[in-house]
>>> print(open('protein_25.cif').read())   # mmCIF, C-alpha atoms
data_run
#
loop_
_atom_site.label_atom_id
_atom_site.label_comp_id
_atom_site.auth_asym_id
_atom_site.auth_seq_id
_atom_site.Cartn_x
_atom_site.Cartn_y
_atom_site.Cartn_z
CA ASN M 1 0.00 0.00 0.00
CA PHE M 2 1.66 3.18 -1.18
CA ILE M 3 1.42 6.55 -2.86
CA LEU M 4 4.19 7.20 -5.36
CA THR M 5 4.68 10.64 -6.89
CA VAL M 6 7.20 11.79 -9.48
CA ASP M 7 7.75 14.72 -11.79
CA PHE M 8 8.79 13.69 -15.30
CA LYS M 9 9.75 15.43 -18.51
CA LEU M 10 9.71 13.76 -21.92
CA THR M 11 11.73 14.63 -25.00
CA PRO M 12 10.15 14.35 -28.47
CA GLY M 13 9.31 10.72 -29.27
CA ALA M 14 10.23 9.44 -25.81
CA ASN M 15 8.95 6.21 -24.25
CA SER M 16 9.41 5.24 -20.59
CA GLY M 17 7.34 4.33 -17.57
CA ILE M 18 7.16 3.30 -13.96
CA LYS M 19 6.69 -0.41 -13.37
CA TYR M 20 5.24 -1.52 -10.05
CA PHE M 21 4.26 -4.83 -8.46
CA VAL M 22 7.04 -6.31 -10.56
CA ASP M 23 7.18 -10.09 -10.26
CA THR M 24 10.88 -10.93 -10.02
CA THR M 25 10.17 -14.63 -10.66
CA ILE M 26 9.10 -13.83 -14.24
CA ILE M 27 12.00 -13.12 -16.55
CA LYS M 28 10.80 -12.25 -20.05
CA GLN M 29 14.30 -11.48 -21.33
CA SER M 30 17.49 -10.01 -19.93
CA GLY M 31 16.85 -6.47 -18.69
CA SER M 32 13.07 -6.84 -18.83
CA ALA M 33 10.59 -7.09 -15.98
CA ILE M 34 6.91 -8.01 -15.86
CA GLY M 35 4.58 -5.93 -13.73
CA LEU M 36 2.07 -3.13 -13.98
CA GLU M 37 3.20 0.03 -15.77
CA TYR M 38 2.27 3.70 -15.63
CA GLN M 39 3.14 4.67 -19.20
CA PHE M 40 5.23 7.74 -20.07
CA LEU M 41 4.98 8.37 -23.83
CA ASP M 42 5.01 11.13 -26.43
CA ASP M 43 1.58 10.16 -27.78
CA ASN M 44 1.86 12.41 -30.82
CA VAL M 45 5.10 10.91 -32.16
CA HIS M 46 5.79 7.45 -30.72
CA ALA M 47 4.22 4.58 -32.68
CA ASP M 48 3.33 2.65 -29.50
CA ALA M 49 0.47 5.11 -28.88
CA LYS M 50 -1.42 3.50 -31.75
CA LEU M 51 -0.69 -0.15 -30.87
CA GLY M 52 -2.41 -2.63 -28.57
CA ARG M 53 -5.74 -4.45 -28.71
CA ALA M 54 -7.73 -1.26 -28.04
CA GLU M 55 -7.20 2.40 -28.87
CA GLY M 56 -5.25 4.38 -26.30
CA ILE M 57 -4.19 1.59 -23.92
CA ARG M 58 -0.51 2.37 -24.50
CA THR M 59 -0.70 6.15 -24.22
CA LEU M 60 0.59 8.56 -21.57
CA SER M 61 -0.55 7.73 -18.00
CA SER M 62 -2.43 4.61 -19.10
CA LEU M 63 -1.99 1.26 -17.39
CA TYR M 64 0.20 -0.03 -20.20
CA ASP M 65 -1.59 -2.41 -22.59
CA LEU M 66 -4.55 -2.77 -20.20
CA ILE M 67 -6.49 0.44 -19.41
CA LYS M 68 -6.65 3.74 -21.30
CA ALA M 69 -6.21 6.94 -19.29
CA GLU M 70 -9.19 9.30 -19.59
CA ASN M 71 -9.52 13.07 -19.09
CA LYS M 72 -5.77 13.60 -19.10
CA LYS M 73 -4.32 17.05 -19.50
CA PRO M 74 -0.59 16.65 -20.09
CA ASN M 75 1.79 19.54 -20.34
CA GLN M 76 3.69 20.02 -23.59
CA ILE M 77 6.62 17.75 -24.46
CA GLY M 78 9.70 19.26 -22.79
CA GLU M 79 7.69 20.57 -19.82
CA TRP M 80 7.39 18.92 -16.41
CA ASN M 81 4.37 16.74 -15.62
CA HIS M 82 3.38 15.23 -12.27
CA ALA M 83 2.43 11.54 -11.98
CA LYS M 84 0.89 9.83 -8.98
CA ILE M 85 0.14 6.16 -8.38
CA VAL M 86 -2.06 5.27 -5.42
CA SER M 87 -2.21 1.61 -4.40
CA ASP M 88 -4.40 0.84 -1.40
CA LYS M 89 -4.96 -2.88 -0.93
CA ASP M 90 -6.06 -3.98 -4.43
CA HIS M 91 -7.45 -0.58 -5.48
CA VAL M 92 -5.08 1.34 -7.78
CA GLU M 93 -5.34 4.83 -9.27
CA HIS M 94 -3.23 6.70 -11.84
CA TRP M 95 -3.16 10.50 -11.66
CA LEU M 96 -1.65 13.02 -14.08
CA ASN M 97 -1.17 16.67 -13.10
CA GLY M 98 -3.72 16.45 -10.28
CA VAL M 99 -6.42 14.64 -12.30
CA LYS M 100 -7.36 10.99 -11.70
CA VAL M 101 -7.12 9.37 -15.14
CA LEU M 102 -7.95 5.75 -14.29
CA GLU M 103 -8.63 3.30 -11.48
CA PHE M 104 -8.95 -0.46 -11.20
CA SER M 105 -8.96 -3.35 -8.76
CA ARG M 106 -6.07 -5.79 -9.05
CA GLY M 107 -7.28 -9.37 -9.16
CA SER M 108 -10.88 -8.48 -9.95
CA GLU M 109 -12.75 -10.39 -12.64
CA GLU M 110 -12.62 -7.32 -14.91
CA PHE M 111 -8.86 -6.88 -14.35
CA ARG M 112 -8.14 -10.55 -15.07
CA LYS M 113 -10.18 -10.34 -18.29
CA LEU M 114 -8.10 -7.36 -19.46
CA VAL M 115 -4.87 -9.24 -18.69
CA SER M 116 -6.12 -12.33 -20.54
CA GLU M 117 -6.69 -10.19 -23.67
CA SER M 118 -3.32 -8.41 -23.44
CA LYS M 119 0.31 -9.15 -24.22
CA TYR M 120 0.55 -10.38 -20.60
CA ALA M 121 -1.92 -13.26 -21.09
CA SER M 122 0.76 -15.94 -20.73
CA TYR M 123 2.01 -14.62 -17.37
CA LYS M 124 0.07 -16.24 -14.55
CA LYS M 125 -1.53 -13.67 -12.22
CA CYS M 126 0.27 -10.77 -13.88
CA GLY M 127 -0.01 -7.64 -11.76
CA GLU M 128 -1.30 -9.51 -8.73
CA ALA M 129 1.92 -9.92 -6.73
CA SER M 130 1.41 -8.90 -3.10
CA GLU M 131 4.64 -6.90 -3.25
CA GLY M 132 7.51 -6.22 -5.60
CA PRO M 133 10.04 -3.69 -6.80
CA ILE M 134 9.20 -0.37 -8.41
CA LEU M 135 11.28 0.36 -11.50
CA LEU M 136 11.93 3.32 -13.76
CA GLN M 137 11.84 1.95 -17.29
CA ASP M 138 14.57 2.70 -19.82
CA HIS M 139 13.90 2.40 -23.55
CA GLY M 140 17.00 4.43 -24.42
CA ASN M 141 15.08 7.71 -24.76
CA GLN M 142 15.91 10.85 -22.80
CA VAL M 143 13.44 11.22 -19.96
CA SER M 144 14.03 13.31 -16.83
CA PHE M 145 12.73 12.50 -13.35
CA ARG M 146 12.73 14.58 -10.18
CA ASN M 147 10.98 14.67 -6.81
CA ILE M 148 10.48 10.90 -6.65
CA LYS M 149 8.64 10.20 -3.41
CA ILE M 150 6.93 7.17 -1.96
CA LYS M 151 4.70 7.10 1.08
CA VAL M 152 3.84 3.76 2.66
CA LEU M 153 0.15 3.51 3.60
CA LYS M 154 -0.77 1.60 6.74
#
>>> encode(input="protein_25.cif", output="structure tokens")
Amino acid sequence: NFILTVDFKLTPGANSGIKYFVDTTIIKQSGSAIGLEYQFLDDNVHADAKLGRAEGIRTLSSLYDLIKAENKKPNQIGEWNHAKIVSDKDHVEHWLNGVKVLEFSRGSEEFRKLVSESKYASYKKCGEASEGPILLQDHGNQVSFRNIKIKVLK
């Protein structure tokens, strides 16, 4: 149970993210980790914004490849944005610049259906680990981070 906040700044075409509830027993390939991901992406330039089984599920602040962020108001590329992830028991929220853009319940029937239809379908109970590392993702693009804070919820 935690609240994670971070300021981030993307360069044109950048792709990155924050992975959380990473399952360290699943190794997809060297340097890769399977878990939930708050997506950081230049939606206007990067091709990943148009991929996935449904429109928008790989765009900025979405739960990567699972849930599209709604009502987002990002700042321009090259300007700072503020991301927040709230995880309280199985309830998770993604926020962008003070606006809640999505929420879901890990392990719910709806969540498991989304996973079964995604690129994570072959990973048993993907996103349902009771704990795990939090990672800043590196796709080789220039992305800046500052004010990374995590608060443990009791």
>>> closest_atom_pairs(input="protein_25.cif", of="range 75-130 of chain M", to="range 37-42 of chain M", cutoff="12 Å", atoms="all atoms listed in the file", output="CSV")
residue,atom,partner,partner_atom,distance
M:Asn75,CA,M:Asp42,CA,10.9
M:Gln76,CA,M:Asp42,CA,9.4
M:Ile77,CA,M:Asp42,CA,7.1
M:Gly78,CA,M:Asp42,CA,10.1
M:Glu79,CA,M:Asp42,CA,11.8
M:Trp80,CA,M:Phe40,CA,12.0
M:Asn81,CA,M:Phe40,CA,10.1
M:His82,CA,M:Phe40,CA,11.0
M:Ala83,CA,M:Tyr38,CA,8.6
M:Lys84,CA,M:Tyr38,CA,9.1
M:Ile85,CA,M:Tyr38,CA,7.9
M:Val86,CA,M:Tyr38,CA,11.2
M:Val92,CA,M:Tyr38,CA,11.0
M:Glu93,CA,M:Tyr38,CA,10.0
M:His94,CA,M:Tyr38,CA,7.3
M:Trp95,CA,M:Tyr38,CA,9.6
M:Leu96,CA,M:Tyr38,CA,10.2
M:Val101,CA,M:Tyr38,CA,11.0
M:Leu102,CA,M:Tyr38,CA,10.5
M:Glu103,CA,M:Tyr38,CA,11.7
M:Tyr120,CA,M:Glu37,CA,11.8
M:Cys126,CA,M:Glu37,CA,11.3
M:Gly127,CA,M:Glu37,CA,9.2
>>> atom_distance(input="protein_25.cif", atom1="CA of Ile18 in chain M", atom2="CA of Ala33 in chain M")
11.1 Å
>>> atom_distance(input="protein_25.cif", atom1="CA of Tyr123 in chain M", atom2="CA of Phe2 in chain M")
24.1 Å
>>> closest_residue(input="protein_25.cif", among="M:Ala121, M:Leu60, M:Ala14, M:Leu36", to="Asn97 in chain M", atoms="all atoms listed in the file")
M:Leu60
>>> residues_around(input="protein_25.cif", residues="Ile134 in chain M", least_positions_apart="3", cutoff="7 Å", atoms="all atoms listed in the file", output="number ranges by chain")
M: 18-22
>>> closest_residue(input="protein_25.cif", among="M:Ile34, M:Asp43, M:Ala49, M:Ala54", to="Pro12 in chain M", atoms="only C-alpha atoms")
M:Asp43
>>> atom_distance(input="protein_25.cif", atom1="CA of Glu131 in chain M", atom2="CA of Glu110 in chain M")
20.8 Å
>>> resolve_selection(input="protein_25.cif", expression="the PyMOL selection byres ((chain M and resi 149) around 10)", output="ChimeraX atom specification")
/M:3-7,84,146-148,150-151
>>> write_last_selection(input="protein_25.cif", atoms="C-alpha atoms", output="mmCIF file, in the coordinates of the input")
data_model
loop_
_atom_site.group_PDB
_atom_site.id
_atom_site.type_symbol
_atom_site.label_atom_id
_atom_site.label_comp_id
_atom_site.auth_asym_id
_atom_site.auth_seq_id
_atom_site.Cartn_x
_atom_site.Cartn_y
_atom_site.Cartn_z
ATOM 1 C CA ILE M 3 1.420 6.550 -2.860
ATOM 2 C CA LEU M 4 4.190 7.200 -5.360
ATOM 3 C CA THR M 5 4.680 10.640 -6.890
ATOM 4 C CA VAL M 6 7.200 11.790 -9.480
ATOM 5 C CA ASP M 7 7.750 14.720 -11.790
ATOM 6 C CA LYS M 84 0.890 9.830 -8.980
ATOM 7 C CA ARG M 146 12.730 14.580 -10.180
ATOM 8 C CA ASN M 147 10.980 14.670 -6.810
ATOM 9 C CA ILE M 148 10.480 10.900 -6.650
ATOM 10 C CA ILE M 150 6.930 7.170 -1.960
ATOM 11 C CA LYS M 151 4.700 7.100 1.080
#
>>> closest_residue(input="protein_25.cif", among="M:Ala129, M:Leu63, M:Val143, M:Val152", to="Thr25 in chain M", atoms="only C-alpha atoms")
M:Ala129
>>> closest_residue(input="protein_25.cif", among="M:Asn141, M:Thr11, M:Ser105, M:Ser122", to="Asn44 in chain M", atoms="all atoms listed in the file")
M:Thr11
